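Below is the file query-v5.cif, which contains mmCIF, C-alpha atoms and all ligand atoms.
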```cif
data_final
loop_
_atom_site.label_atom_id
_atom_site.label_comp_id
_atom_site.auth_asym_id
_atom_site.auth_seq_id
_atom_site.Cartn_x
_atom_site.Cartn_y
_atom_site.Cartn_z
CA MET A 1 116.89 92.47 95.50
CA LYS A 2 115.35 92.35 98.97
CA LEU A 3 116.69 93.80 102.22
CA SER A 4 118.90 91.37 104.14
CA LYS A 5 117.33 92.38 107.48
CA LYS A 6 114.09 90.61 108.47
CA MET A 7 111.17 93.02 108.53
CA LEU A 8 108.53 90.94 110.25
CA GLY A 9 108.50 89.47 113.75
CA GLN A 10 107.24 85.93 114.36
CA GLU A 11 104.03 87.39 115.84
CA GLN A 12 103.23 89.16 112.56
CA ILE A 13 103.99 86.05 110.51
CA ASP A 14 101.79 83.94 112.81
CA PHE A 15 99.03 86.57 112.54
CA TYR A 16 99.21 86.39 108.74
CA ARG A 17 99.08 82.57 108.76
CA GLU A 18 96.14 82.42 111.18
CA GLN A 19 94.08 85.47 110.16
CA GLY A 20 94.99 85.48 106.45
CA TYR A 21 95.99 89.15 106.29
CA LEU A 22 98.53 91.60 107.68
CA ILE A 23 98.76 95.40 107.56
CA VAL A 24 102.27 96.89 107.29
CA ASP A 25 103.61 100.44 106.77
CA VAL A 26 105.44 100.27 103.45
CA LEU A 27 105.92 103.58 101.61
CA SER A 28 107.62 106.78 102.82
CA PRO A 29 105.75 110.12 102.45
CA ASP A 30 107.91 110.97 99.38
CA GLU A 31 107.16 107.62 97.75
CA ILE A 32 103.42 108.09 98.36
CA LYS A 33 103.47 111.59 96.86
CA ASN A 34 105.52 110.48 93.85
CA SER A 35 103.26 107.49 93.04
CA ARG A 36 100.11 109.55 93.54
CA GLU A 37 101.37 112.23 91.14
CA ILE A 38 102.17 109.64 88.47
CA ILE A 39 98.71 108.09 88.82
CA ASP A 40 96.97 111.46 88.77
CA SER A 41 98.79 112.32 85.56
CA LEU A 42 97.52 109.07 84.04
CA ILE A 43 93.87 109.32 85.06
CA ALA A 44 92.82 112.48 86.92
CA PRO A 45 92.45 114.83 83.94
CA LYS A 46 89.82 112.49 82.54
CA ALA A 47 87.91 112.11 85.80
CA GLY A 48 85.01 114.18 87.07
CA LYS A 49 85.94 116.36 90.06
CA ASN A 50 83.43 114.53 92.12
CA GLY A 51 81.25 111.41 91.76
CA ARG A 52 78.25 113.62 90.97
CA ASP A 53 80.04 114.98 87.88
CA PHE A 54 80.27 111.59 86.22
CA PRO A 55 78.06 111.23 83.16
CA LYS A 56 76.25 107.99 83.99
CA LYS A 57 75.58 105.97 87.07
CA SER A 58 76.86 102.41 87.08
CA SER A 59 78.09 99.88 89.65
CA SER A 60 81.62 98.41 89.61
CA SER A 61 83.17 96.71 86.59
CA PHE A 62 84.02 93.03 86.56
CA GLN A 63 87.52 93.24 87.99
CA HIS A 64 89.26 90.38 86.18
CA PHE A 65 88.85 91.80 82.66
CA GLY A 66 90.43 95.10 83.60
CA ASP A 67 89.56 98.58 82.34
CA SER A 68 91.38 100.83 79.92
CA LEU A 69 93.08 103.92 81.45
CA ASP A 70 91.64 106.29 78.88
CA GLU A 71 88.11 105.28 79.90
CA TYR A 72 88.52 106.55 83.45
CA GLY A 73 85.64 108.80 84.41
CA ARG A 74 83.25 107.78 81.66
CA ASP A 75 80.99 106.03 84.15
CA ALA A 76 80.23 106.65 87.82
CA ARG A 77 82.00 103.56 89.02
CA HIS A 78 85.07 101.99 90.52
CA TYR A 79 87.81 101.08 88.01
CA TYR A 80 90.27 98.18 87.97
CA PHE A 81 93.24 98.71 85.65
CA HIS A 82 95.80 96.03 84.80
CA ILE A 83 98.77 98.37 84.44
CA ILE A 84 101.83 96.26 83.81
CA THR A 85 101.50 96.52 80.03
CA ALA A 86 99.45 99.75 79.89
CA THR A 87 101.06 102.61 77.99
CA GLY A 88 102.66 105.33 80.10
CA THR A 89 102.79 103.38 83.36
CA GLN A 90 106.56 102.66 83.34
CA ALA A 91 107.10 105.38 85.96
CA LEU A 92 105.25 103.13 88.41
CA HIS A 93 107.50 100.14 87.77
CA ASN A 94 109.79 101.20 90.63
CA LEU A 95 107.10 99.73 92.90
CA LEU A 96 107.76 96.31 91.36
CA LEU A 97 111.37 96.50 92.53
CA HIS A 98 110.62 98.13 95.88
CA GLN A 99 112.97 96.46 98.34
CA LYS A 100 110.64 96.55 101.32
CA ILE A 101 107.74 95.14 99.28
CA GLN A 102 109.92 92.35 97.87
CA GLY A 103 111.29 91.54 101.32
CA LEU A 104 107.85 91.44 102.97
CA VAL A 105 106.34 89.24 100.26
CA GLU A 106 109.29 86.84 100.46
CA GLU A 107 108.98 86.60 104.24
CA LEU A 108 105.29 85.81 104.00
CA LEU A 109 105.34 83.59 100.92
CA GLY A 110 108.77 82.27 99.94
CA PRO A 111 111.74 82.98 97.65
CA ASP A 112 112.11 83.70 93.94
CA LEU A 113 109.05 85.92 93.48
CA ILE A 114 107.12 85.91 90.22
CA LEU A 115 104.69 88.74 89.54
CA ASN A 116 101.20 87.79 88.38
CA ASN A 117 99.20 90.97 88.90
CA PHE A 118 100.03 94.69 88.92
CA SER A 119 96.86 96.75 88.94
CA LEU A 120 95.43 100.06 90.01
CA LEU A 121 92.13 100.36 91.88
CA ALA A 122 90.70 103.84 91.41
CA ALA A 123 87.47 105.74 91.97
CA GLU A 124 86.40 109.30 92.74
CA PRO A 125 84.61 110.70 95.82
CA GLY A 126 80.87 110.16 95.73
CA ILE A 127 81.17 106.74 94.06
CA ARG A 128 79.41 103.70 95.46
CA TYR A 129 81.55 100.56 95.11
CA GLN A 130 80.13 97.09 95.62
CA LEU A 131 81.90 93.89 94.71
CA GLY A 132 80.27 90.79 96.21
CA TRP A 133 81.95 88.70 98.90
CA HIS A 134 84.15 86.05 97.29
CA ARG A 135 87.28 83.97 97.56
CA ASP A 136 89.64 84.42 94.60
CA ILE A 137 88.60 81.13 93.04
CA ILE A 138 86.57 82.59 90.21
CA GLN A 139 88.77 80.80 87.65
CA ILE A 140 87.80 77.39 89.06
CA PRO A 141 84.45 76.11 87.73
CA GLU A 142 82.06 75.92 90.69
CA ARG A 143 81.65 72.15 90.47
CA GLU A 144 85.45 71.68 90.58
CA ILE A 145 86.09 73.68 93.75
CA ASP A 146 87.72 71.24 96.17
CA GLU A 147 87.50 72.43 99.76
CA ARG A 148 90.92 70.97 100.57
CA ILE A 149 92.33 74.25 99.25
CA PHE A 150 90.74 75.95 102.28
CA SER A 151 92.83 74.10 104.85
CA PRO A 152 96.26 74.51 106.47
CA ALA A 153 97.40 71.46 104.43
CA TRP A 154 97.17 73.49 101.21
CA PHE A 155 100.15 75.77 100.67
CA HIS A 156 98.48 78.65 98.88
CA ASN A 157 101.24 79.81 96.57
CA ASN A 158 99.84 83.27 96.01
CA LEU A 159 99.84 86.46 97.98
CA GLN A 160 98.18 89.68 97.00
CA PHE A 161 98.20 93.09 98.55
CA ASN A 162 96.47 96.44 98.42
CA LEU A 163 98.91 99.34 98.78
CA ALA A 164 97.00 102.52 99.60
CA LEU A 165 98.20 105.91 98.34
CA ASN A 166 95.18 107.68 99.90
CA GLU A 167 93.05 106.64 102.87
CA ASP A 168 91.29 103.45 101.77
CA ASP A 169 88.57 101.56 103.62
CA CYS A 170 87.20 99.56 100.67
CA LEU A 171 88.71 96.16 101.53
CA TRP A 172 86.70 93.85 103.80
CA ALA A 173 87.56 90.29 104.88
CA VAL A 174 86.50 87.41 107.10
CA PRO A 175 89.64 86.75 109.16
CA GLY A 176 90.71 83.09 109.33
CA SER A 177 88.38 81.95 106.52
CA HIS A 178 91.29 81.10 104.15
CA ILE A 179 92.11 77.86 106.02
CA ARG A 180 88.63 76.45 106.53
CA PRO A 181 85.59 75.77 104.34
CA ASN A 182 82.54 78.03 104.56
CA THR A 183 80.47 77.73 107.74
CA PRO A 184 76.73 77.01 107.28
CA ASP A 185 76.01 80.73 107.93
CA GLU A 186 78.54 81.76 105.27
CA ASN A 187 76.99 79.28 102.82
CA ALA A 188 73.61 80.87 103.53
CA ALA A 189 75.12 84.31 102.78
CA PHE A 190 76.57 82.98 99.48
CA ASN A 191 73.02 81.89 98.62
CA GLY A 192 73.98 78.87 96.53
CA SER A 193 76.92 80.43 94.65
CA ARG A 194 80.45 79.13 95.18
CA HIS A 195 81.89 82.23 93.49
CA TYR A 196 80.24 85.56 94.42
CA ALA A 197 77.69 86.23 97.18
CA PRO A 198 74.81 88.55 96.23
CA ILE A 199 75.90 92.21 96.51
CA ASP A 200 73.71 92.91 99.54
CA ALA A 201 74.69 89.72 101.46
CA GLN A 202 75.48 90.13 105.16
CA MET A 203 78.62 88.04 105.73
CA PRO A 204 79.02 86.88 109.33
CA GLY A 205 82.44 87.83 110.75
CA GLY A 206 83.22 90.26 107.86
CA ILE A 207 85.30 93.25 108.98
CA PRO A 208 86.75 96.31 107.19
CA ILE A 209 90.54 96.41 106.71
CA PRO A 210 91.12 100.19 106.60
CA LEU A 211 94.47 101.48 105.30
CA ARG A 212 96.28 104.76 105.79
CA PRO A 213 98.34 106.19 102.91
CA GLY A 214 101.53 104.13 102.50
CA GLN A 215 100.13 101.06 104.25
CA ALA A 216 99.66 97.71 102.56
CA ALA A 217 97.25 94.92 103.46
CA PHE A 218 98.88 91.63 102.46
CA TYR A 219 96.31 88.88 102.16
CA ASN A 220 95.89 85.25 101.26
CA ASN A 221 93.25 85.53 98.55
CA ASN A 222 91.55 82.29 99.56
CA LEU A 223 90.18 84.52 102.33
CA ILE A 224 86.51 85.48 101.96
CA HIS A 225 86.79 89.17 101.05
CA ARG A 226 85.11 91.94 99.09
CA GLY A 227 85.55 95.53 97.87
CA TYR A 228 82.84 97.77 99.26
CA ALA A 229 82.16 101.44 100.03
CA THR A 230 78.72 102.99 100.42
CA THR A 231 80.02 106.38 99.23
CA LEU A 232 83.72 107.13 98.81
CA SER A 233 84.83 110.30 100.59
CA THR A 234 88.43 110.24 99.26
CA PRO A 235 89.64 109.37 95.74
CA ARG A 236 90.67 105.72 95.74
CA ARG A 237 94.26 105.34 94.55
CA THR A 238 95.37 101.87 95.54
CA ILE A 239 97.99 99.69 93.90
CA HIS A 240 97.09 96.01 93.87
CA MET A 241 99.74 93.35 93.25
CA GLY A 242 99.98 89.57 93.29
CA PHE A 243 103.02 87.30 93.48
CA HIS A 244 103.80 83.65 93.79
CA SER A 245 107.01 81.92 94.77
CA GLY A 246 108.92 80.34 91.88
CA ALA A 247 110.05 77.66 94.35
CA ARG A 248 106.65 75.92 94.05
CA PRO A 249 104.07 75.36 91.30
CA PRO A 250 101.79 78.36 90.73
CA THR A 251 98.09 78.66 91.52
CA TRP A 252 95.39 79.78 89.08
CA HIS A 253 96.19 83.46 89.86
CA PHE A 254 99.41 83.11 87.87
CA TYR A 255 97.31 83.23 84.67
CA LEU A 256 95.86 86.69 85.45
CA LEU A 257 98.82 88.28 83.70
CA ASP A 258 98.18 88.32 79.98
CA ASP A 259 101.33 86.82 78.46
CA LYS A 260 100.17 87.68 74.92
CA LYS A 261 100.93 91.31 75.79
CA LEU A 262 104.51 90.47 76.76
CA THR A 263 105.72 90.75 73.16
CA PRO A 264 109.41 91.22 72.23
CA ASN A 265 108.61 94.84 71.34
CA TYR A 266 107.03 95.43 74.73
CA LEU A 267 109.91 93.72 76.55
CA ASP A 268 112.34 96.05 74.76
CA THR A 269 110.63 99.07 76.37
CA LEU A 270 111.40 97.82 79.89
CA ALA A 271 114.28 98.50 82.23
CA PRO A 272 116.58 95.44 82.50
CA ASP A 273 115.33 94.27 85.95
CA ILE A 274 111.67 94.51 84.95
CA ARG A 275 112.36 92.81 81.64
CA MET A 276 114.00 89.96 83.54
CA MET A 277 110.93 89.74 85.79
CA MET A 278 108.69 89.37 82.73
CA ILE A 279 111.02 86.85 81.10
CA ARG A 280 110.88 84.73 84.26
CA TYR A 281 107.10 84.91 84.03
CA LEU A 282 107.18 83.70 80.42
CA GLU A 283 109.58 80.86 81.29
CA LEU A 284 107.28 79.67 84.04
CA LYS A 285 104.27 79.95 81.76
CA ARG A 286 106.02 77.56 79.37
CA LYS A 287 106.60 75.17 82.26
CA TYR A 288 103.01 75.44 83.57
CA PRO A 289 100.93 76.26 80.47
CA ARG A 290 97.56 74.99 81.74
CA MET A 291 95.63 76.84 84.41
CA GLU A 292 93.26 73.85 84.82
CA ASP A 293 96.14 71.78 86.22
CA THR A 294 96.70 74.11 89.17
CA TRP A 295 93.79 73.07 91.39
CA PRO A 296 93.32 69.65 92.99
CA LYS A 297 90.74 67.29 91.53
CA ALA A 298 88.42 65.63 94.03
CA ASP A 299 89.51 62.07 93.16
CA ARG A 300 93.25 62.77 93.38
CA PRO A 301 95.57 63.37 96.33
CA LEU A 302 96.62 66.96 97.05
CA SER A 303 100.24 65.87 96.68
CA GLU A 304 99.66 65.22 92.98
CA VAL A 305 99.02 68.92 92.37
CA LEU A 306 101.66 70.11 94.81
CA SER A 307 104.43 67.93 93.39
CA ARG A 308 103.99 68.87 89.73
O1 LIG B 401 90.09 96.03 97.47
C1 LIG B 401 89.21 95.68 96.70
O2 LIG B 401 88.56 96.46 96.03
C2 LIG B 401 88.90 94.20 96.58
C3 LIG B 401 89.76 93.55 95.56
C4 LIG B 401 89.37 92.12 95.39
O3 LIG B 401 88.37 91.66 95.85
C5 LIG B 401 90.21 91.22 94.61
O4 LIG B 401 91.18 91.67 94.01
O5 LIG B 401 89.94 90.02 94.58
#
```

Please re-express this file's structure in structure tokens.
Amino acid sequence: MKLSKKMLGQEQIDFYREQGYLIVDVLSPDEIKNSREIIDSLIAPKAGKNGRDFPKKSSSSFQHFGDSLDEYGRDARHYYFHIITATGTQALHNLLLHQKIQGLVEELLGPDLILNNFSLLAAEPGIRYQLGWHRDIIQIPEREIDERIFSPAWFHNNLQFNLALNEDDCLWAVPGSHIRPNTPDENAAFNGSRHYAPIDAQMPGGIPIPLRPGQAAFYNNNLIHRGYATTLSTPRRTIHMGFHSGARPPTWHFYLLDDKKLTPNYLDTLAPDIRMMMIRYLELKRKYPRMEDTWPKADRPLSEVLSR
């Protein structure tokens, strides 16, 4: 499925390993226009023209539950849609088979990609978006977070990326933080939480990762990162995807995709390649049914989790 030619130089791969993120030009102008039109047909008619037109003020939603497409624009907030099984989104499935995307993810992560997240991040101009600084370890109970997963010894079998269809400067990150535990200053900013820092926390070393239309920021989601914009000036239309390599056991992110929605009726609506992708997901879910087994336990060697 991927291009046979390598797309990344060693310098870019080293940058990704050391800094935890990498920005790459991915989509052509036609692909950007096409995806934007599909998304606008799904959500724009229901949105206010401008953040001030929204009926009520509200901050961002809790991303992991996901919003429903037909609710877009009800509140003055940023929306997070899980779109793989949402009605009417099939026209966007070409992005799941995009050769350059597949090739880049394989070069950064490994072979035999399994999708675990296909979402849309959207908001209108005028919206304030504030998601606290975090690592994507929300699924792990705070007392079970083992800092060995923030080290080069841990192969983090997950990669996620933001693919911007408009200018997007909402993603922020602390480069290099994915392979080391929090510093004392970062712990102070987290203010006692091992999940989310308070919304107004100043995170030392945090930088914006701005994207132009068509660019993707690939990132290791053990990185300390956040979504943040004081006031959006451009509509946010960003595709967000996560993969892991089927060559190794999955991480807790694998369970973000709701397999209960992958019913035989739903699978029948899919093009053959996408159906196969979902069937591979279901097969792996049968092999690794329990999310709680995916993170190391403090009293056990890392190899026990890695060699499952
Ligand atoms: O780009 C964003 O809004 C941040 C997304 C994020 O923090 C996440 O998916 O974990």

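Rounded to one decimal, atom CA of Met276 of chain A and atom CA of Leu257 of chain A lie 15.3 Å from each other.
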
List the spatial neighbours of Pro250 of chain A as a PDB file with C-alpha atoms, in the frame of the given file - criterion: any atom at most 7 Å away, all atoms listed in the file, same-chain residues fewer than 4 positions off excluded.
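That gives us result-v7.pdb:
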```
ATOM      1  CA  ASN A 157     101.240  79.810  96.570  1.00  0.00           C
ATOM      2  CA  HIS A 244     103.800  83.650  93.790  1.00  0.00           C
ATOM      3  CA  PHE A 254      99.410  83.110  87.870  1.00  0.00           C
ATOM      4  CA  THR A 294      96.700  74.110  89.170  1.00  0.00           C
TER       5      THR A 294
END
```

When distances are computed from all atoms listed in the file, which of A:Asp168, A:Arg77, A:Thr263, A:Gly132 shows the smallest separation from Gln202 of chain A?
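Distance minimum relative to Gln202 of chain A lands on A:Gly132.
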
Could you tell me, counting only C-alpha atoms and all ligand atoms, which protein and nucleic acid residues lie no more than 9 Å from ligand LIG 401 (chain B), written as a ChimeraX atom specification?
/A:63-64,78,80,121-122,129-136,160-162,168-172,221,224-228,238,240-241

Can those selected residues be exported to a file as an mmCIF file, keeping the file's coordinate frame so that it contains C-alpha atoms?
```cif
data_model
loop_
_atom_site.group_PDB
_atom_site.id
_atom_site.type_symbol
_atom_site.label_atom_id
_atom_site.label_comp_id
_atom_site.auth_asym_id
_atom_site.auth_seq_id
_atom_site.Cartn_x
_atom_site.Cartn_y
_atom_site.Cartn_z
ATOM 1 C CA GLN A 63 87.520 93.240 87.990
ATOM 2 C CA HIS A 64 89.260 90.380 86.180
ATOM 3 C CA HIS A 78 85.070 101.990 90.520
ATOM 4 C CA TYR A 80 90.270 98.180 87.970
ATOM 5 C CA LEU A 121 92.130 100.360 91.880
ATOM 6 C CA ALA A 122 90.700 103.840 91.410
ATOM 7 C CA TYR A 129 81.550 100.560 95.110
ATOM 8 C CA GLN A 130 80.130 97.090 95.620
ATOM 9 C CA LEU A 131 81.900 93.890 94.710
ATOM 10 C CA GLY A 132 80.270 90.790 96.210
ATOM 11 C CA TRP A 133 81.950 88.700 98.900
ATOM 12 C CA HIS A 134 84.150 86.050 97.290
ATOM 13 C CA ARG A 135 87.280 83.970 97.560
ATOM 14 C CA ASP A 136 89.640 84.420 94.600
ATOM 15 C CA GLN A 160 98.180 89.680 97.000
ATOM 16 C CA PHE A 161 98.200 93.090 98.550
ATOM 17 C CA ASN A 162 96.470 96.440 98.420
ATOM 18 C CA ASP A 168 91.290 103.450 101.770
ATOM 19 C CA ASP A 169 88.570 101.560 103.620
ATOM 20 C CA CYS A 170 87.200 99.560 100.670
ATOM 21 C CA LEU A 171 88.710 96.160 101.530
ATOM 22 C CA TRP A 172 86.700 93.850 103.800
ATOM 23 C CA ASN A 221 93.250 85.530 98.550
ATOM 24 C CA ILE A 224 86.510 85.480 101.960
ATOM 25 C CA HIS A 225 86.790 89.170 101.050
ATOM 26 C CA ARG A 226 85.110 91.940 99.090
ATOM 27 C CA GLY A 227 85.550 95.530 97.870
ATOM 28 C CA TYR A 228 82.840 97.770 99.260
ATOM 29 C CA THR A 238 95.370 101.870 95.540
ATOM 30 C CA HIS A 240 97.090 96.010 93.870
ATOM 31 C CA MET A 241 99.740 93.350 93.250
#
```

Which one is closest to Ile179 of chain A: A:Gly126, A:Pro141, A:Lys100, A:Gln19? Count all atoms listed in the file.
A:Gln19

Given all atoms listed in the file as the counted atoms, nearest of A:Pro301, A:Gly214, A:Pro296, A:Gly9 to Ile145 of chain A:
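Ranked by minimum distance to Ile145 of chain A, first place goes to A:Pro296.
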
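Atom to atom, atom CA of Asp299 of chain A and atom CA of Trp154 of chain A stand 15.9 Å apart.
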
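Take the candidates A:Gln90, A:Thr230, A:Arg148, A:Ile137 and check each one against Met291 of chain A using only C-alpha atoms; the shortest distance goes to A:Ile137.
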
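For the point (101.5, 105.0, 99.1), the residues with an atom at a distance of at most 6 Å are Leu27, Ile32, Ala164, Leu165, Pro213 and Gly214 of chain A, counting only C-alpha atoms.
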
Expected file contents, prior selection, C-alpha atoms, as a compact mmCIF listing (two decimals), keeping the file's coordinate frame:
```
# COMPACT_ATOMS: atom_id res chain seq x y z
CA LEU A 27 105.92 103.58 101.61
CA ILE A 32 103.42 108.09 98.36
CA ALA A 164 97.00 102.52 99.60
CA LEU A 165 98.20 105.91 98.34
CA PRO A 213 98.34 106.19 102.91
CA GLY A 214 101.53 104.13 102.50
```

Can you spit out segment 257-282 of chain A with N, CA and C atoms, as a compact mmCIF listing (two decimals), in the first residue's frame, from the structure just given?
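This went into part-v7.txt:
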```txt
# COMPACT_ATOMS: atom_id res chain seq x y z
N LEU A 257 -10.52 3.14 19.55
CA LEU A 257 -11.51 2.83 18.51
C LEU A 257 -12.59 1.94 19.12
N ASP A 258 -13.82 2.31 18.92
CA ASP A 258 -14.91 1.59 19.58
C ASP A 258 -15.32 0.39 18.72
N ASP A 259 -14.83 -0.80 19.10
CA ASP A 259 -15.08 -1.98 18.25
C ASP A 259 -16.55 -2.39 18.23
N LYS A 260 -17.33 -1.91 19.21
CA LYS A 260 -18.76 -2.27 19.20
C LYS A 260 -19.47 -1.66 17.99
N LYS A 261 -18.86 -0.57 17.46
CA LYS A 261 -19.48 0.06 16.28
C LYS A 261 -19.08 -0.63 14.98
N LEU A 262 -18.11 -1.53 15.05
CA LEU A 262 -17.67 -2.22 13.83
C LEU A 262 -18.53 -3.47 13.60
N THR A 263 -19.82 -3.25 13.44
CA THR A 263 -20.77 -4.35 13.29
C THR A 263 -20.69 -4.90 11.86
N PRO A 264 -21.19 -6.14 11.63
CA PRO A 264 -21.20 -6.67 10.26
C PRO A 264 -21.91 -5.72 9.29
N ASN A 265 -23.00 -5.10 9.73
CA ASN A 265 -23.71 -4.17 8.84
C ASN A 265 -22.85 -2.98 8.47
N TYR A 266 -22.13 -2.46 9.47
CA TYR A 266 -21.24 -1.33 9.19
C TYR A 266 -20.12 -1.77 8.24
N LEU A 267 -19.52 -2.93 8.51
CA LEU A 267 -18.40 -3.39 7.68
C LEU A 267 -18.84 -3.54 6.22
N ASP A 268 -20.10 -3.94 6.02
CA ASP A 268 -20.62 -4.09 4.66
C ASP A 268 -20.70 -2.77 3.90
N THR A 269 -20.71 -1.65 4.62
CA THR A 269 -20.81 -0.35 3.92
C THR A 269 -19.44 0.13 3.42
N LEU A 270 -18.38 -0.58 3.80
CA LEU A 270 -17.03 -0.08 3.52
C LEU A 270 -16.44 -0.62 2.23
N ALA A 271 -15.57 0.17 1.64
CA ALA A 271 -14.80 -0.31 0.49
C ALA A 271 -13.90 -1.46 0.97
N PRO A 272 -13.55 -2.41 0.06
CA PRO A 272 -12.83 -3.61 0.49
C PRO A 272 -11.56 -3.33 1.31
N ASP A 273 -10.74 -2.36 0.90
CA ASP A 273 -9.47 -2.10 1.63
C ASP A 273 -9.73 -1.59 3.05
N ILE A 274 -10.76 -0.76 3.18
CA ILE A 274 -11.06 -0.19 4.51
C ILE A 274 -11.68 -1.28 5.39
N ARG A 275 -12.52 -2.12 4.75
CA ARG A 275 -13.12 -3.21 5.51
C ARG A 275 -12.01 -4.12 6.06
N MET A 276 -11.02 -4.39 5.21
CA MET A 276 -9.91 -5.25 5.65
C MET A 276 -9.16 -4.59 6.83
N MET A 277 -9.02 -3.27 6.75
CA MET A 277 -8.33 -2.55 7.83
C MET A 277 -9.09 -2.73 9.16
N MET A 278 -10.41 -2.66 9.07
CA MET A 278 -11.23 -2.80 10.28
C MET A 278 -11.25 -4.24 10.78
N ILE A 279 -11.21 -5.19 9.84
CA ILE A 279 -11.18 -6.60 10.24
C ILE A 279 -9.86 -6.91 10.94
N ARG A 280 -8.78 -6.31 10.46
CA ARG A 280 -7.48 -6.52 11.12
C ARG A 280 -7.52 -5.93 12.53
N TYR A 281 -8.22 -4.81 12.66
CA TYR A 281 -8.37 -4.24 14.01
C TYR A 281 -9.10 -5.23 14.93
N LEU A 282 -10.21 -5.77 14.42
CA LEU A 282 -11.01 -6.69 15.25
C LEU A 282 -10.22 -7.95 15.61
```
